[in-house]
Number of protein chains: 4
Amino acid sequence: MTIHKLRVGIAGLGRMGKRHAINFHELTIRANVVAASTPDESERDWAQENLQGVQIFKDYDEMLENADLEAVVVASVTAVHAEQAIKAIKKGLHVLCEKPLSIDAEVAQSVVSAYEECLKTHPQQKVMCGFSRRFDASYRDAHARVKKGELGAPVLFRSQTADLQDKSGFFVDYAKTSGGIFVDCSIHDIDLMLWFLGEERQIKTLQAVGVIALHPGLEASNDRDNAIATVEFEGGKMAALYCSRMMAAGQEDTTEIICERGSLRVNMQVRKNHVEIHDSQGARRELPQHYYERFREAFVTEAYEFTECCLNNTPPPISLQGSVKAVIIGQALQRSMITGEKIFFHEGAIKD
Amino acid sequence: MTIHKLRVGIAGLGRMGKRHAINFHELTIRANVVAASTPDESERDWAQENLQGVQIFKDYDEMLENADLEAVVVASVTAVHAEQAIKAIKKGLHVLCEKPLSIDAEVAQSVVSAYEECLKTHPQQKVMCGFSRRFDASYRDAHARVKKGELGAPVLFRSQTADLQDKSGFFVDYAKTSGGIFVDCSIHDIDLMLWFLGEERQIKTLQAVGVIALHPGLEASNDRDNAIATVEFEGGKMAALYCSRMMAAGQEDTTEIICERGSLRVNMQVRKNHVEIHDSQGARRELPQHYYERFREAFVTEAYEFTECCLNNTPPPISLQGSVKAVIIGQALQRSMITGEKIFFHEGAIKD
Amino acid sequence: MTIHKLRVGIAGLGRMGKRHAINFHELTIRANVVAASTPDESERDWAQENLQGVQIFKDYDEMLENADLEAVVVASVTAVHAEQAIKAIKKGLHVLCEKPLSIDAEVAQSVVSAYEECLKTHPQQKVMCGFSRRFDASYRDAHARVKKGELGAPVLFRSQTADLQDKSGFFVDYAKTSGGIFVDCSIHDIDLMLWFLGEERQIKTLQAVGVIALHPGLEASNDRDNAIATVEFEGGKMAALYCSRMMAAGQEDTTEIICERGSLRVNMQVRKNHVEIHDSQGARRELPQHYYERFREAFVTEAYEFTECCLNNTPPPISLQGSVKAVIIGQALQRSMITGEKIFFHEGAIKD
Amino acid sequence: MTIHKLRVGIAGLGRMGKRHAINFHELTIRANVVAASTPDESERDWAQENLQGVQIFKDYDEMLENADLEAVVVASVTAVHAEQAIKAIKKGLHVLCEKPLSIDAEVAQSVVSAYEECLKTHPQQKVMCGFSRRFDASYRDAHARVKKGELGAPVLFRSQTADLQDKSGFFVDYAKTSGGIFVDCSIHDIDLMLWFLGEERQIKTLQAVGVIALHPGLEASNDRDNAIATVEFEGGKMAALYCSRMMAAGQEDTTEIICERGSLRVNMQVRKNHVEIHDSQGARRELPQHYYERFREAFVTEAYEFTECCLNNTPPPISLQGSVKAVIIGQALQRSMITGEKIFFHEGAIKD
């Protein structure tokens, strides 16, 4: 008797694409990567060597046409996320799309519309945006406690995504297409904010300020390398966000949920592993150097749970509409940061 | 041969007044508390028992009139800080005034004016507002590193004053005269912000939002029990503040200074002492329960250094004008929180 | 083209057997669990449900006889480790044997002898004892630093294995066959001690003392539930060990390596995940509740590396002879604890 | 009305003597340092400048003869502790003697005998050995919890005194008169061990091993720079000690008390202050560089409480006989370390 394995195609084999490919192919028992597509020759060579038995395509459409797929993981550049996702959706395939769906809220919404349309004929189809932190054991522990009400209702959500500095110019290049620091960097914090404070909760106001501290080249894209924001919700809840491209010690992604009878801290004592080094400079620990070093396990869990929900026809762990809301908020924060204006929402201004 | 001891009078013997009295009387070798005044009878009884050899007055003016003083510590209710300070200043006495000088920026400024006037005739007179955190060893360590430029220029200053919850109604009563959460609770963070980012640095914008989460009674004073703010400075610097009356575990006063090449955290792992308790619930440490438990040592140092600067005619460790600026900013944040408006400063809007 | 997968049989499907089965079957891309044997019916039922496509045997010998195996994982009760390992070795199979090889040093040595004999005809055969901590990322980080000499030569090695209390009587039962707390609990610390201080390093003396604090039933097996030991090596190196069955908060396995110019701490701030909880009792984190919760990732790595060394004919990551030495030391510590005598070794007393 | 202040003489103005002088003179409201004696000229000059109004003597006996004293603090070199203490005792003065009373148990016992003799005629006389850690807030917190039985009975006491490395040769010189690393360095841990496990508890066995890792010159004094020990008590209790002169990062004095239902850690995350520094090397904190930096507050409390017990005729916080027992144990550990023998005690072998 052979186990049925989900037949997965990977779109894009850049840094994240490679990781998804390995996670689905090697670490997800009920999934099989059967195809991959990428316009990049060296990425195709990598697939040849590392993804045994996989059909490799130069072109995404060709893969959709020819490979025998049940699901697609969209891990290509952000600019084509929505387009590729929609094409797969229309073919009735399950889709796991890297975040964000798009840097444009309307485009992101069009993915939801396509999905809603297809659901009518393919009610078992699953489409999900890959907000990896939701699969992290620590965030889940914290969320379960908040949900149970262990510490009373949450009042303030504080969160940051703070990347290791990189003086190579990477962030400057990246800013040209990233949608801006709030859409790119903070999108996880925004998603978590909605998860912890309530996805249907209405925003009243938001505002942001930002500076260019390290990367003058960001001026050209009208972006910033450090920014802070506050968000005010209906029902007496608030959030404070920080995003940065300037951390010296490593990736410092931390979150606090301050509730009526206590608070939860996720990763406030950032650490790479369990080692502490004592030498003439004091006692020190090292930090993860990038997002994936911190969240690798979460990506493996994401691959596993996405596969399970496709095979078992259970609801996807993350709602697609919420992922659009995250983009809307990210764009609004970016706009506030650039214009300097506080943004007031009126009822219905952000569609849930 | 006898050592000359600074003859100190204490105005007000409430919680802070008692502490100042003990610190000057018992722990400051070159100071002697020779008089104290308070309208409260039980406080005068306390003085009788605990401040041996001290002249005790019901009335502040009487103390000024009759006691042989060189210096006054103003530790009475905030409402009379400025008035009492000015009276002492006019008599040529050194003054250490508890923070804030006033909850009203104009009144605070009048203290500075009185001092400037008196300095003409008493050039050795010292007047200082007691921002105790500036005397804390950890904040000083952090400030020295920033000043040396060890980690490059500061970009973002984040700080919070978060009080232990108190369900007795104390905060509601207190709000009637405190000037609001930003003027009362955040005044230390504002002072530190100026200390770390530059006291003369011009503010461009600020805004705040707040909620009432625990104390509905605050509505009457138009105050909040949790609030967050962002402040934008000229020269590419920012600050994020948080103030709270709702902490479940204790007093959590923490600060981060994020610089170009690294960052400094002060008290991010809040702890009362060096003990960790492992039991069936996990590993736990206790937190200081109130501000003084965390900063007791800093108050002792403050008493010592104030005494030294008076006796040795050296500059006071904190500039009086900066203390007025802190009140101006606190008031502006409070106004922004209540109105919901972002406040834009124009050149010269905040006088240095 | 299909990838060649190592055909693995699992002997024993108790707690650890199940974990090994899953790790090899689902998380090790180049391995396939093709057979499993266990005398326990409910374990066979588990296999039926969870290890699709696997041949299931009641009897180990039958599995060896009939399944098409390249490697065997011995995860049965300690009493049969050596016997089962030797049978597989004699059939020319690769063997990963759970620790310890035996609770008797002579029996353990017989596994080495069998292996050495077979190597003559099967030079590519791999036999390894599963000291899982050697595959833990933190221990590896620490070991790499010591090996590089970053902090100078190690002087003192301190380590503990401290299990969560269990009042069910489990430890009392277990003590009947475990070989004693130093052979069972401390065997990992002993292995690490040899790894960090040098596997060929000669021991001069050792001694141990122990108490029964929680489990009076241990008296019957002449075992203890808390014990401490010191070990003295040639060349000016020492070790201090602690083993316990009494930890209230969780599994607390920690290690320190104190070197001439600094020291390394592994897991001194034991934590289950990245969450900290602040409530009216203070700030607290939870601990892992058992060994596997702390070292799950290390077992996955072990499965991966064992598979790789079998398929690629590279040296196994752990020397088999060293694993016998660990048993010899464990037995000597146990003897010292029971007799109260310090044990002096003479040259050659412990065979390397 | 003037407050009565205890008239204190300080014997010895070396490092510790100066600190005691300042603590009594400046920070203890009910004490006055009225005299000090030291054979060292530069120390007398220091007194002249820093202890205003104090009579300064070259000779201890002269001070006893001429100064108007109620109490003496013996802070001279260890070799004269006992002799000076006894002289003061015989004059009916209260005595606070720096630890250890002597490096020789018999000599230490003679101090107790002298005290017992004098108590007959001066029942209000107080004599105490200054085990400063007993006045530390964290140790007190831990001790109070153990005494209350919060976590059940203690089973294992682990403690260390680990000094910052010093390559100046200081430790080699010091070893000539220190009595050895267990008598000097571990004496605090031994005192704490007795405090936590019971001062009257009988020891069954002890043993120690040590090495010279950094300071070959210690060979001449037959001392070691790193040593570990185990102590076994009647009643199922144990202790593990570590002493070191080799810590690279700072003074690392830590203690664990492992009890039946939980455990207490004192200072396991050694830190100088509340600052954490993040830079390209990771996240780091600094450590106290020496014993006094960690325990300064405890010494101030010691001065205060010693003064109070003298003036109020209350029992001294530490029993003198226990301080002799600490010396006996220290000497036994030192002997075991040097001879390599385990030492077995018979009933009454250590007099309580």
# chains A, B, ... in the order shown; residues from 1 in each chain; ligands from 1
>>> residues_around(residues="C:Phe182", least_positions_apart="3", cutoff="7 Å", atoms="only C-alpha atoms", output="number ranges by chain")
C: 185-187, 330, 333-334
>>> write_last_selection(atoms="N, CA and C atoms", output="PDB file, in the first residue's frame")
ATOM      1  N   CYS C 185      21.335   7.859  33.791  1.00  0.00           N
ATOM      2  CA  CYS C 185      21.110   9.301  33.710  1.00  0.00           C
ATOM      3  C   CYS C 185      22.375  10.055  33.258  1.00  0.00           C
ATOM      4  N   SER C 186      23.496   9.718  33.866  1.00  0.00           N
ATOM      5  CA  SER C 186      24.724  10.495  33.619  1.00  0.00           C
ATOM      6  C   SER C 186      25.483  10.049  32.386  1.00  0.00           C
ATOM      7  N   ILE C 187      25.018   9.010  31.729  1.00  0.00           N
ATOM      8  CA  ILE C 187      25.829   8.468  30.634  1.00  0.00           C
ATOM      9  C   ILE C 187      26.079   9.522  29.549  1.00  0.00           C
ATOM     10  N   GLY C 330      30.641   5.107  34.071  1.00  0.00           N
ATOM     11  CA  GLY C 330      29.339   5.109  34.740  1.00  0.00           C
ATOM     12  C   GLY C 330      29.271   4.040  35.820  1.00  0.00           C
ATOM     13  N   LEU C 333      31.434   5.062  38.817  1.00  0.00           N
ATOM     14  CA  LEU C 333      30.787   6.098  39.636  1.00  0.00           C
ATOM     15  C   LEU C 333      29.685   5.477  40.489  1.00  0.00           C
ATOM     16  N   GLN C 334      28.921   4.618  39.875  1.00  0.00           N
ATOM     17  CA  GLN C 334      27.842   3.967  40.611  1.00  0.00           C
ATOM     18  C   GLN C 334      28.429   3.189  41.799  1.00  0.00           C
TER      19      GLN C 334
END
>>> interface_residues(of="chain A", to="chain C", cutoff="7 Å", atoms="only C-alpha atoms", output="MDAnalysis selection string")
chainID A and resid 1:3 26:29 52:53 138 142 261:267 273:279
>>> atom_distance(atom1="atom CA of C:Gly198", atom2="atom CA of D:Gly340")
22.7 Å
>>> select_by_dssp(residues="stretch 32-65 of chain B", states="alpha helix (DSSP H)", output="list in words")
Glu41, Ser42, Glu43, Arg44, Asp45, Trp46, Ala47, Gln48, Glu49, Asn50, Tyr60, Asp61, Glu62, Met63, Leu64 and Glu65 of chain B
>>> write_last_selection(atoms="N, CA and C atoms", output="short mmCIF file (atom, residue, chain, number, x, y, z; two decimals), in the first residue's frame")
data_model
loop_
_atom_site.label_atom_id
_atom_site.label_comp_id
_atom_site.auth_asym_id
_atom_site.auth_seq_id
_atom_site.Cartn_x
_atom_site.Cartn_y
_atom_site.Cartn_z
N GLU B 41 -0.32 65.93 60.15
CA GLU B 41 0.12 65.67 61.51
C GLU B 41 0.86 64.35 61.65
N SER B 42 0.36 63.31 61.01
CA SER B 42 1.02 62.00 61.16
C SER B 42 2.42 62.05 60.55
N GLU B 43 2.58 62.85 59.53
CA GLU B 43 3.92 63.00 58.95
C GLU B 43 4.85 63.73 59.93
N ARG B 44 4.29 64.68 60.62
CA ARG B 44 5.13 65.38 61.62
C ARG B 44 5.50 64.43 62.75
N ASP B 45 4.57 63.55 63.12
CA ASP B 45 4.88 62.55 64.14
C ASP B 45 6.02 61.64 63.67
N TRP B 46 5.92 61.26 62.40
CA TRP B 46 6.97 60.41 61.84
C TRP B 46 8.33 61.11 61.97
N ALA B 47 8.34 62.39 61.63
CA ALA B 47 9.59 63.15 61.70
C ALA B 47 10.14 63.17 63.13
N GLN B 48 9.24 63.37 64.05
CA GLN B 48 9.62 63.40 65.47
C GLN B 48 10.38 62.13 65.85
N GLU B 49 9.88 61.02 65.38
CA GLU B 49 10.48 59.74 65.74
C GLU B 49 11.72 59.39 64.94
N ASN B 50 11.74 59.83 63.69
CA ASN B 50 12.77 59.30 62.79
C ASN B 50 13.87 60.28 62.41
N TYR B 60 5.31 75.59 55.52
CA TYR B 60 6.53 75.74 54.74
C TYR B 60 7.16 77.11 54.92
N ASP B 61 6.33 78.16 54.85
CA ASP B 61 6.86 79.52 54.95
C ASP B 61 7.54 79.74 56.29
N GLU B 62 6.92 79.19 57.32
CA GLU B 62 7.52 79.28 58.65
C GLU B 62 8.90 78.65 58.69
N MET B 63 9.00 77.47 58.03
CA MET B 63 10.30 76.80 57.99
C MET B 63 11.32 77.68 57.30
N LEU B 64 10.92 78.25 56.17
CA LEU B 64 11.85 79.13 55.43
C LEU B 64 12.27 80.31 56.31
N GLU B 65 11.30 80.79 57.07
CA GLU B 65 11.53 81.97 57.91
C GLU B 65 12.49 81.66 59.06
#
>>> residues_around(residues="A:Leu93", least_positions_apart="2", cutoff="6 Å", atoms="only C-alpha atoms", output="VMD selection string")
chain A and resid 70 to 71 88 to 89 91
>>> residues_around(residues="stretch 228-242 of chain B", least_positions_apart="2", cutoff="9 Å", atoms="only C-alpha atoms", output="JSON, numbers by chain")
{"A": [156, 208, 209, 210, 211, 212, 213, 227, 228, 229, 230, 238, 239, 240], "B": [154, 155, 156, 157, 158, 159, 160, 161, 162, 186, 189, 190, 193, 197, 201, 202, 203, 204, 205, 206, 207, 208, 209, 210, 226, 244, 333, 337]}
>>> residues_around(residues="stretch 6-8 of chain A", least_positions_apart="4", cutoff="6 Å", atoms="only C-alpha atoms", output="PyMOL selection string")
chain A and resi 31-34+69-72
>>> write_last_selection(atoms="all heavy atoms", output="PDB file, in the first residue's frame")
ATOM      1  N   ALA A  31       4.029  14.903   1.222  1.00  0.00           N
ATOM      2  CA  ALA A  31       4.155  15.755   0.038  1.00  0.00           C
ATOM      3  C   ALA A  31       5.336  15.299  -0.818  1.00  0.00           C
ATOM      4  O   ALA A  31       6.312  14.746  -0.307  1.00  0.00           O
ATOM      5  CB  ALA A  31       4.350  17.214   0.448  1.00  0.00           C
ATOM      6  N   ASN A  32       5.220  15.573  -2.080  1.00  0.00           N
ATOM      7  CA  ASN A  32       6.271  15.264  -3.037  1.00  0.00           C
ATOM      8  C   ASN A  32       6.427  16.454  -3.963  1.00  0.00           C
ATOM      9  O   ASN A  32       5.446  16.884  -4.566  1.00  0.00           O
ATOM     10  CB  ASN A  32       5.831  14.055  -3.889  1.00  0.00           C
ATOM     11  CG  ASN A  32       6.874  12.974  -3.886  1.00  0.00           C
ATOM     12  OD1 ASN A  32       8.023  13.228  -3.574  1.00  0.00           O
ATOM     13  ND2 ASN A  32       6.454  11.770  -4.247  1.00  0.00           N
ATOM     14  N   VAL A  33       7.591  17.015  -4.049  1.00  0.00           N
ATOM     15  CA  VAL A  33       7.784  18.068  -5.043  1.00  0.00           C
ATOM     16  C   VAL A  33       8.011  17.376  -6.379  1.00  0.00           C
ATOM     17  O   VAL A  33       9.002  16.660  -6.552  1.00  0.00           O
ATOM     18  CB  VAL A  33       8.955  18.992  -4.670  1.00  0.00           C
ATOM     19  CG1 VAL A  33       9.201  20.005  -5.781  1.00  0.00           C
ATOM     20  CG2 VAL A  33       8.665  19.714  -3.359  1.00  0.00           C
ATOM     21  N   VAL A  34       7.067  17.553  -7.275  1.00  0.00           N
ATOM     22  CA  VAL A  34       7.175  16.850  -8.562  1.00  0.00           C
ATOM     23  C   VAL A  34       7.614  17.786  -9.681  1.00  0.00           C
ATOM     24  O   VAL A  34       8.031  17.337 -10.749  1.00  0.00           O
ATOM     25  CB  VAL A  34       5.839  16.168  -8.941  1.00  0.00           C
ATOM     26  CG1 VAL A  34       5.463  15.112  -7.903  1.00  0.00           C
ATOM     27  CG2 VAL A  34       4.716  17.193  -9.087  1.00  0.00           C
ATOM     28  N   LEU A  69       0.136  18.318 -11.220  1.00  0.00           N
ATOM     29  CA  LEU A  69       0.185  18.982  -9.914  1.00  0.00           C
ATOM     30  C   LEU A  69      -1.155  18.961  -9.190  1.00  0.00           C
ATOM     31  O   LEU A  69      -2.212  19.011  -9.817  1.00  0.00           O
ATOM     32  CB  LEU A  69       0.588  20.462 -10.088  1.00  0.00           C
ATOM     33  CG  LEU A  69       1.946  20.739 -10.698  1.00  0.00           C
ATOM     34  CD1 LEU A  69       2.128  22.241 -10.881  1.00  0.00           C
ATOM     35  CD2 LEU A  69       3.048  20.180  -9.790  1.00  0.00           C
ATOM     36  N   GLU A  70      -1.065  18.950  -7.865  1.00  0.00           N
ATOM     37  CA  GLU A  70      -2.243  19.197  -7.036  1.00  0.00           C
ATOM     38  C   GLU A  70      -2.131  20.537  -6.312  1.00  0.00           C
ATOM     39  O   GLU A  70      -3.123  21.117  -5.901  1.00  0.00           O
ATOM     40  CB  GLU A  70      -2.382  18.100  -5.972  1.00  0.00           C
ATOM     41  CG  GLU A  70      -2.784  16.739  -6.511  1.00  0.00           C
ATOM     42  CD  GLU A  70      -2.630  15.667  -5.445  1.00  0.00           C
ATOM     43  OE1 GLU A  70      -1.456  15.361  -5.111  1.00  0.00           O
ATOM     44  OE2 GLU A  70      -3.639  15.153  -4.952  1.00  0.00           O
ATOM     45  N   ALA A  71      -0.869  20.973  -6.119  1.00  0.00           N
ATOM     46  CA  ALA A  71      -0.674  22.206  -5.354  1.00  0.00           C
ATOM     47  C   ALA A  71       0.526  22.967  -5.879  1.00  0.00           C
ATOM     48  O   ALA A  71       1.455  22.375  -6.446  1.00  0.00           O
ATOM     49  CB  ALA A  71      -0.453  21.868  -3.874  1.00  0.00           C
ATOM     50  N   VAL A  72       0.506  24.271  -5.677  1.00  0.00           N
ATOM     51  CA  VAL A  72       1.632  25.110  -6.093  1.00  0.00           C
ATOM     52  C   VAL A  72       2.084  25.960  -4.903  1.00  0.00           C
ATOM     53  O   VAL A  72       1.248  26.489  -4.161  1.00  0.00           O
ATOM     54  CB  VAL A  72       1.237  26.020  -7.276  1.00  0.00           C
ATOM     55  CG1 VAL A  72       2.276  27.109  -7.506  1.00  0.00           C
ATOM     56  CG2 VAL A  72       1.046  25.187  -8.532  1.00  0.00           C
TER      57      VAL A  72
END
>>> select_by_dssp(residues="stretch 40-216 of chain A", states="strand (DSSP E or B)", output="ChimeraX atom specification")
/A:55-57,71-74,94-98,127-130,154-164,203-211
>>> write_last_selection(atoms="N, CA and C atoms", output="compact mmCIF listing (two decimals), in the first residue's frame")
# COMPACT_ATOMS: atom_id res chain seq x y z
N GLN A 55 10.53 17.41 -12.18
CA GLN A 55 10.51 18.02 -13.52
C GLN A 55 10.83 19.50 -13.40
N ILE A 56 11.72 19.95 -14.20
CA ILE A 56 12.16 21.34 -14.05
C ILE A 56 11.73 22.16 -15.27
N PHE A 57 11.14 23.32 -14.99
CA PHE A 57 10.65 24.20 -16.05
C PHE A 57 11.28 25.58 -15.96
N ALA A 71 -0.87 20.97 -6.12
CA ALA A 71 -0.67 22.21 -5.35
C ALA A 71 0.53 22.97 -5.88
N VAL A 72 0.51 24.27 -5.68
CA VAL A 72 1.63 25.11 -6.09
C VAL A 72 2.08 25.96 -4.90
N VAL A 73 3.38 26.06 -4.74
CA VAL A 73 3.95 27.00 -3.77
C VAL A 73 4.53 28.16 -4.56
N VAL A 74 3.96 29.34 -4.37
CA VAL A 74 4.45 30.51 -5.10
C VAL A 74 5.53 31.20 -4.27
N HIS A 94 -4.42 23.80 -5.27
CA HIS A 94 -4.18 24.42 -3.97
C HIS A 94 -2.97 25.36 -4.11
N VAL A 95 -2.97 26.45 -3.35
CA VAL A 95 -1.87 27.42 -3.47
C VAL A 95 -1.40 27.86 -2.09
N LEU A 96 -0.09 27.75 -1.89
CA LEU A 96 0.55 28.41 -0.76
C LEU A 96 1.39 29.53 -1.35
N CYS A 97 1.01 30.78 -1.05
CA CYS A 97 1.70 31.92 -1.66
C CYS A 97 2.54 32.62 -0.60
N GLU A 98 3.81 32.84 -0.93
CA GLU A 98 4.66 33.61 -0.02
C GLU A 98 4.06 34.98 0.25
N VAL A 127 -6.32 27.92 -0.45
CA VAL A 127 -5.38 28.98 -0.83
C VAL A 127 -4.99 29.75 0.43
N MET A 128 -3.72 29.92 0.62
CA MET A 128 -3.24 30.47 1.88
C MET A 128 -1.99 31.32 1.63
N CYS A 129 -1.89 32.41 2.35
CA CYS A 129 -0.68 33.23 2.27
C CYS A 129 0.24 32.79 3.42
N GLY A 130 1.52 32.64 3.15
CA GLY A 130 2.44 31.99 4.10
C GLY A 130 2.97 32.92 5.17
N PRO A 154 -6.22 41.37 25.74
CA PRO A 154 -5.04 42.15 25.33
C PRO A 154 -5.40 43.62 25.17
N VAL A 155 -4.49 44.48 25.55
CA VAL A 155 -4.70 45.93 25.46
C VAL A 155 -3.71 46.54 24.47
N LEU A 156 -2.47 46.13 24.57
CA LEU A 156 -1.43 46.70 23.70
C LEU A 156 -0.64 45.57 23.06
N PHE A 157 -0.49 45.66 21.76
CA PHE A 157 0.32 44.71 21.01
C PHE A 157 1.55 45.47 20.50
N ARG A 158 2.74 44.98 20.87
CA ARG A 158 3.97 45.64 20.39
C ARG A 158 4.80 44.62 19.64
N SER A 159 5.30 44.97 18.49
CA SER A 159 6.02 43.96 17.73
C SER A 159 7.01 44.64 16.79
N GLN A 160 8.04 43.90 16.47
CA GLN A 160 9.03 44.47 15.57
C GLN A 160 9.61 43.39 14.67
N THR A 161 9.98 43.82 13.48
CA THR A 161 10.82 42.99 12.61
C THR A 161 12.05 43.81 12.35
N ALA A 162 13.17 43.30 12.80
CA ALA A 162 14.40 44.08 12.73
C ALA A 162 15.49 43.21 12.13
N ASP A 163 15.85 43.57 10.91
CA ASP A 163 16.83 42.77 10.18
C ASP A 163 18.26 43.16 10.53
N LEU A 164 19.13 42.19 10.42
CA LEU A 164 20.57 42.43 10.53
C LEU A 164 20.99 43.47 9.49
N ILE A 203 -9.94 49.30 12.61
CA ILE A 203 -8.91 50.28 12.94
C ILE A 203 -9.50 51.69 12.95
N LYS A 204 -9.14 52.48 13.94
CA LYS A 204 -9.61 53.87 14.00
C LYS A 204 -8.61 54.82 13.35
N THR A 205 -7.36 54.72 13.79
CA THR A 205 -6.33 55.60 13.24
C THR A 205 -5.01 54.85 13.17
N LEU A 206 -4.14 55.36 12.34
CA LEU A 206 -2.75 54.88 12.37
C LEU A 206 -1.85 56.00 11.91
N GLN A 207 -0.62 55.94 12.31
CA GLN A 207 0.37 56.90 11.84
C GLN A 207 1.74 56.30 11.98
N ALA A 208 2.68 56.80 11.21
CA ALA A 208 4.05 56.26 11.24
C ALA A 208 5.05 57.37 10.97
N VAL A 209 6.22 57.22 11.53
CA VAL A 209 7.34 58.09 11.16
C VAL A 209 8.56 57.21 10.89
N GLY A 210 9.42 57.68 10.00
CA GLY A 210 10.58 56.87 9.65
C GLY A 210 11.78 57.74 9.34
N VAL A 211 12.95 57.14 9.37
CA VAL A 211 14.17 57.86 9.03
C VAL A 211 15.06 56.99 8.15
>>> atom_distance(atom1="atom CA of B:Asp225", atom2="atom CA of B:Lys99")
19.8 Å
